[in-house]
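Peer 1: Supplied in structure tokens, the structure appears directly below.
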Amino acid sequence: MSIETQFYLNRNPNLKRFLHENPKYYKFLNREPRFIFELEKIMKEEYKLTLPDRLNKFKDKLDILNTFIDIFN
């Protein structure tokens with residue numbers, strides 16, 4: 001694995017953890033260092049860190065808060 005790829009992984013702990021949990025991607029990174037950007041997309045989808053996922057999570061929290069407000073009123 002290239003040094004740049006290792007630095008990139010060390011700066012991104014979620015990506016590093018994802019790679020440790022899915023070691024099959026090491027082979028792809030060794031063959032093609034630019035795969036790291038595709039791997040980051042895969043990780044975000046898997047960990048639900050994409051913008052729509054975060055918005056849904058925020059909406060759910062607002063719904064729960066709204067429910068508590070309705071109960072106490």
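Numbering starts fresh at 1 for the residues of each chain in the structure tokens, the chains themselves are lettered A, B, ... in the order given, and ligands are numbered from 1 as they appear.
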As a PyMOL selection string, list the residues of chain A assigned to helix (DSSP H, G or I) by DSSP on the backbone atoms of this structure.

Peer 2: chain A and resi 3-11+13-21+24-31+35-46+51-72

Peer 1: Quick one, how far is atom CA of A:Glu45 from atom CA of A:Leu9?

Peer 2: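 Rounded to one decimal, the two atoms are 17.3 Å apart.
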
Peer 1: So that I can see what lies close to A:Glu38, please list as a compact mmCIF listing (two decimals) with all heavy atoms, in the first residue's frame the residues with an atom at most 12 Å from it, counting only C-alpha atoms and leaving out residues fewer than 6 positions away in the same chain.

Peer 2:
# COMPACT_ATOMS: atom_id res chain seq x y z
N LEU A 15 -12.70 5.43 8.08
CA LEU A 15 -12.26 4.66 6.93
C LEU A 15 -11.28 3.57 7.34
O LEU A 15 -11.34 2.44 6.85
CB LEU A 15 -11.63 5.59 5.90
CG LEU A 15 -11.27 5.00 4.56
CD1 LEU A 15 -12.50 4.39 3.90
CD2 LEU A 15 -10.67 6.06 3.66
N TYR A 25 -10.70 -5.40 1.03
CA TYR A 25 -10.38 -4.19 0.29
C TYR A 25 -8.89 -3.86 0.31
O TYR A 25 -8.45 -3.01 -0.46
CB TYR A 25 -11.18 -3.00 0.84
CG TYR A 25 -12.66 -3.13 0.55
CD1 TYR A 25 -13.58 -3.22 1.59
CD2 TYR A 25 -13.14 -3.18 -0.75
CE1 TYR A 25 -14.93 -3.35 1.33
CE2 TYR A 25 -14.49 -3.31 -1.02
CZ TYR A 25 -15.38 -3.39 0.03
OH TYR A 25 -16.71 -3.52 -0.22
N PHE A 28 -7.49 -4.52 -3.12
CA PHE A 28 -7.81 -3.49 -4.10
C PHE A 28 -6.94 -2.25 -3.91
O PHE A 28 -6.50 -1.64 -4.88
CB PHE A 28 -9.29 -3.11 -4.02
CG PHE A 28 -10.23 -4.23 -4.34
CD1 PHE A 28 -11.07 -4.74 -3.39
CD2 PHE A 28 -10.26 -4.78 -5.61
CE1 PHE A 28 -11.94 -5.78 -3.68
CE2 PHE A 28 -11.12 -5.81 -5.93
CZ PHE A 28 -11.95 -6.32 -4.96
N LEU A 29 -6.71 -1.89 -2.66
CA LEU A 29 -5.87 -0.72 -2.38
C LEU A 29 -4.41 -0.95 -2.78
O LEU A 29 -3.74 -0.03 -3.22
CB LEU A 29 -5.95 -0.35 -0.91
CG LEU A 29 -7.18 0.41 -0.48
CD1 LEU A 29 -7.17 0.63 1.02
CD2 LEU A 29 -7.30 1.72 -1.21
N GLU A 32 -4.54 -0.71 -6.68
CA GLU A 32 -4.93 0.59 -7.22
C GLU A 32 -5.13 1.59 -6.08
O GLU A 32 -6.17 1.58 -5.42
CB GLU A 32 -6.23 0.45 -8.02
CG GLU A 32 -6.71 1.71 -8.65
CD GLU A 32 -5.68 2.29 -9.60
OE1 GLU A 32 -5.14 1.55 -10.44
OE2 GLU A 32 -5.42 3.49 -9.48
N LYS A 44 -19.11 5.25 3.61
CA LYS A 44 -20.16 6.19 3.98
C LYS A 44 -21.54 5.57 3.80
O LYS A 44 -22.44 5.80 4.62
CB LYS A 44 -20.05 7.47 3.16
CG LYS A 44 -18.92 8.36 3.63
CD LYS A 44 -18.86 9.64 2.85
CE LYS A 44 -17.74 10.52 3.38
NZ LYS A 44 -17.71 11.80 2.69
N GLU A 45 -21.72 4.79 2.77
CA GLU A 45 -23.00 4.11 2.58
C GLU A 45 -23.22 3.04 3.65
O GLU A 45 -24.32 2.89 4.18
CB GLU A 45 -23.06 3.47 1.20
CG GLU A 45 -23.17 4.48 0.09
CD GLU A 45 -23.07 3.86 -1.28
OE1 GLU A 45 -22.92 2.63 -1.39
OE2 GLU A 45 -23.12 4.62 -2.26

Peer 1: Between atom CA of A:Asn10 and atom CA of A:Ile36, measure the distance and give it in Å to one decimal.

Peer 2: 12.3 Å

Peer 1: Have a look at atom CA of A:Ile3 and atom CA of A:Arg31 and let me know their distance in Å, one decimal.

Peer 2: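 We find that atom CA of A:Ile3 and atom CA of A:Arg31 lie 13.4 Å from each other.
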
Peer 1: Calculated over only C-alpha atoms, which of the candidates A:Met1, A:Glu46, A:Phe35, A:Asn56 has the smallest distance to A:Asn22?

Peer 2: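 Closest residue, counting only C-alpha atoms: A:Glu46.
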
Peer 1: A:Lys57, A:His20, A:Tyr26, A:Arg34: which is nearest A:Glu4, counting only C-alpha atoms?

Peer 2: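 When distances to A:Glu4 are compared using only C-alpha atoms, the smallest one comes from A:Arg34.
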
Peer 1: Please provide as a list in words all residues within 10 Å of A:Phe18, with the sequence filter that same-chain residues fewer than 5 positions apart are discarded (counting only C-alpha atoms).

Peer 2: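 That gives Pro13, Pro23, Tyr25, Leu39, Glu40, Ile42, Met43, Lys44, Glu46 and Tyr47 of chain A.
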
Peer 1: Okay, now the selection with all heavy atoms, as a PDB file, in the first residue's frame?

Peer 2:
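File written: selection-v2.pdb
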ATOM      1  N   PRO A  13     -10.300   8.124  10.644  1.00  0.00           N
ATOM      2  CA  PRO A  13     -10.448   6.939  11.495  1.00  0.00           C
ATOM      3  C   PRO A  13     -11.611   6.030  11.103  1.00  0.00           C
ATOM      4  O   PRO A  13     -11.520   4.804  11.243  1.00  0.00           O
ATOM      5  CB  PRO A  13     -10.659   7.505  12.893  1.00  0.00           C
ATOM      6  CG  PRO A  13     -10.826   8.959  12.742  1.00  0.00           C
ATOM      7  CD  PRO A  13     -10.441   9.364  11.367  1.00  0.00           C
ATOM      8  N   PRO A  23     -11.311  -6.679   5.392  1.00  0.00           N
ATOM      9  CA  PRO A  23      -9.945  -6.777   4.873  1.00  0.00           C
ATOM     10  C   PRO A  23      -9.840  -7.118   3.389  1.00  0.00           C
ATOM     11  O   PRO A  23      -8.771  -6.976   2.800  1.00  0.00           O
ATOM     12  CB  PRO A  23      -9.314  -7.870   5.738  1.00  0.00           C
ATOM     13  CG  PRO A  23     -10.436  -8.611   6.330  1.00  0.00           C
ATOM     14  CD  PRO A  23     -11.603  -7.678   6.394  1.00  0.00           C
ATOM     15  N   TYR A  25     -10.702  -5.400   1.033  1.00  0.00           N
ATOM     16  CA  TYR A  25     -10.378  -4.189   0.292  1.00  0.00           C
ATOM     17  C   TYR A  25      -8.891  -3.855   0.311  1.00  0.00           C
ATOM     18  O   TYR A  25      -8.445  -3.011  -0.457  1.00  0.00           O
ATOM     19  CB  TYR A  25     -11.184  -3.003   0.836  1.00  0.00           C
ATOM     20  CG  TYR A  25     -12.663  -3.133   0.551  1.00  0.00           C
ATOM     21  CD1 TYR A  25     -13.578  -3.219   1.586  1.00  0.00           C
ATOM     22  CD2 TYR A  25     -13.137  -3.181  -0.750  1.00  0.00           C
ATOM     23  CE1 TYR A  25     -14.928  -3.347   1.335  1.00  0.00           C
ATOM     24  CE2 TYR A  25     -14.490  -3.310  -1.015  1.00  0.00           C
ATOM     25  CZ  TYR A  25     -15.382  -3.391   0.029  1.00  0.00           C
ATOM     26  OH  TYR A  25     -16.710  -3.518  -0.225  1.00  0.00           O
ATOM     27  N   LEU A  39     -13.559   3.492  -1.938  1.00  0.00           N
ATOM     28  CA  LEU A  39     -13.714   2.858  -0.638  1.00  0.00           C
ATOM     29  C   LEU A  39     -14.375   3.802   0.360  1.00  0.00           C
ATOM     30  O   LEU A  39     -15.200   3.389   1.175  1.00  0.00           O
ATOM     31  CB  LEU A  39     -12.350   2.406  -0.121  1.00  0.00           C
ATOM     32  CG  LEU A  39     -12.336   1.631   1.183  1.00  0.00           C
ATOM     33  CD1 LEU A  39     -13.078   0.316   1.033  1.00  0.00           C
ATOM     34  CD2 LEU A  39     -10.917   1.393   1.619  1.00  0.00           C
ATOM     35  N   GLU A  40     -14.051   5.065   0.277  1.00  0.00           N
ATOM     36  CA  GLU A  40     -14.669   6.048   1.162  1.00  0.00           C
ATOM     37  C   GLU A  40     -16.171   6.150   0.891  1.00  0.00           C
ATOM     38  O   GLU A  40     -16.974   6.253   1.820  1.00  0.00           O
ATOM     39  CB  GLU A  40     -13.996   7.402   0.986  1.00  0.00           C
ATOM     40  CG  GLU A  40     -14.391   8.392   2.036  1.00  0.00           C
ATOM     41  CD  GLU A  40     -13.519   9.626   2.013  1.00  0.00           C
ATOM     42  OE1 GLU A  40     -12.865   9.912   0.990  1.00  0.00           O
ATOM     43  OE2 GLU A  40     -13.488  10.311   3.047  1.00  0.00           O
ATOM     44  N   ILE A  42     -18.058   3.737  -0.299  1.00  0.00           N
ATOM     45  CA  ILE A  42     -18.628   2.483   0.212  1.00  0.00           C
ATOM     46  C   ILE A  42     -18.783   2.565   1.719  1.00  0.00           C
ATOM     47  O   ILE A  42     -19.805   2.166   2.281  1.00  0.00           O
ATOM     48  CB  ILE A  42     -17.735   1.288  -0.191  1.00  0.00           C
ATOM     49  CG1 ILE A  42     -17.737   1.113  -1.699  1.00  0.00           C
ATOM     50  CG2 ILE A  42     -18.196   0.015   0.505  1.00  0.00           C
ATOM     51  CD1 ILE A  42     -16.694   0.147  -2.211  1.00  0.00           C
ATOM     52  N   MET A  43     -17.760   3.080   2.399  1.00  0.00           N
ATOM     53  CA  MET A  43     -17.800   3.210   3.854  1.00  0.00           C
ATOM     54  C   MET A  43     -18.934   4.136   4.290  1.00  0.00           C
ATOM     55  O   MET A  43     -19.665   3.830   5.226  1.00  0.00           O
ATOM     56  CB  MET A  43     -16.459   3.747   4.356  1.00  0.00           C
ATOM     57  CG  MET A  43     -16.349   3.948   5.854  1.00  0.00           C
ATOM     58  SD  MET A  43     -16.754   5.596   6.505  1.00  0.00           S
ATOM     59  CE  MET A  43     -15.707   6.672   5.587  1.00  0.00           C
ATOM     60  N   LYS A  44     -19.107   5.252   3.609  1.00  0.00           N
ATOM     61  CA  LYS A  44     -20.164   6.192   3.981  1.00  0.00           C
ATOM     62  C   LYS A  44     -21.544   5.572   3.805  1.00  0.00           C
ATOM     63  O   LYS A  44     -22.439   5.804   4.620  1.00  0.00           O
ATOM     64  CB  LYS A  44     -20.048   7.470   3.163  1.00  0.00           C
ATOM     65  CG  LYS A  44     -18.916   8.356   3.626  1.00  0.00           C
ATOM     66  CD  LYS A  44     -18.864   9.637   2.850  1.00  0.00           C
ATOM     67  CE  LYS A  44     -17.744  10.517   3.378  1.00  0.00           C
ATOM     68  NZ  LYS A  44     -17.710  11.801   2.695  1.00  0.00           N
ATOM     69  N   GLU A  46     -22.167   2.328   3.990  1.00  0.00           N
ATOM     70  CA  GLU A  46     -22.270   1.262   4.991  1.00  0.00           C
ATOM     71  C   GLU A  46     -22.537   1.811   6.389  1.00  0.00           C
ATOM     72  O   GLU A  46     -23.336   1.271   7.145  1.00  0.00           O
ATOM     73  CB  GLU A  46     -20.977   0.447   4.986  1.00  0.00           C
ATOM     74  CG  GLU A  46     -20.992  -0.741   5.896  1.00  0.00           C
ATOM     75  CD  GLU A  46     -21.836  -1.875   5.351  1.00  0.00           C
ATOM     76  OE1 GLU A  46     -22.010  -1.954   4.129  1.00  0.00           O
ATOM     77  OE2 GLU A  46     -22.310  -2.680   6.169  1.00  0.00           O
ATOM     78  N   TYR A  47     -21.848   2.878   6.748  1.00  0.00           N
ATOM     79  CA  TYR A  47     -22.001   3.479   8.075  1.00  0.00           C
ATOM     80  C   TYR A  47     -23.108   4.532   8.124  1.00  0.00           C
ATOM     81  O   TYR A  47     -23.295   5.179   9.147  1.00  0.00           O
ATOM     82  CB  TYR A  47     -20.694   4.131   8.524  1.00  0.00           C
ATOM     83  CG  TYR A  47     -19.618   3.157   8.924  1.00  0.00           C
ATOM     84  CD1 TYR A  47     -18.299   3.566   8.990  1.00  0.00           C
ATOM     85  CD2 TYR A  47     -19.906   1.836   9.240  1.00  0.00           C
ATOM     86  CE1 TYR A  47     -17.297   2.699   9.358  1.00  0.00           C
ATOM     87  CE2 TYR A  47     -18.912   0.965   9.595  1.00  0.00           C
ATOM     88  CZ  TYR A  47     -17.609   1.390   9.654  1.00  0.00           C
ATOM     89  OH  TYR A  47     -16.624   0.532  10.022  1.00  0.00           O
TER      90      TYR A  47
END

Peer 1: Considering only C-alpha atoms, can you say which of A:Glu21, A:Leu65, A:Asp60, A:Pro33 comes closest to A:Phe7?

Peer 2: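 Distance minimum relative to A:Phe7 lands on A:Pro33.
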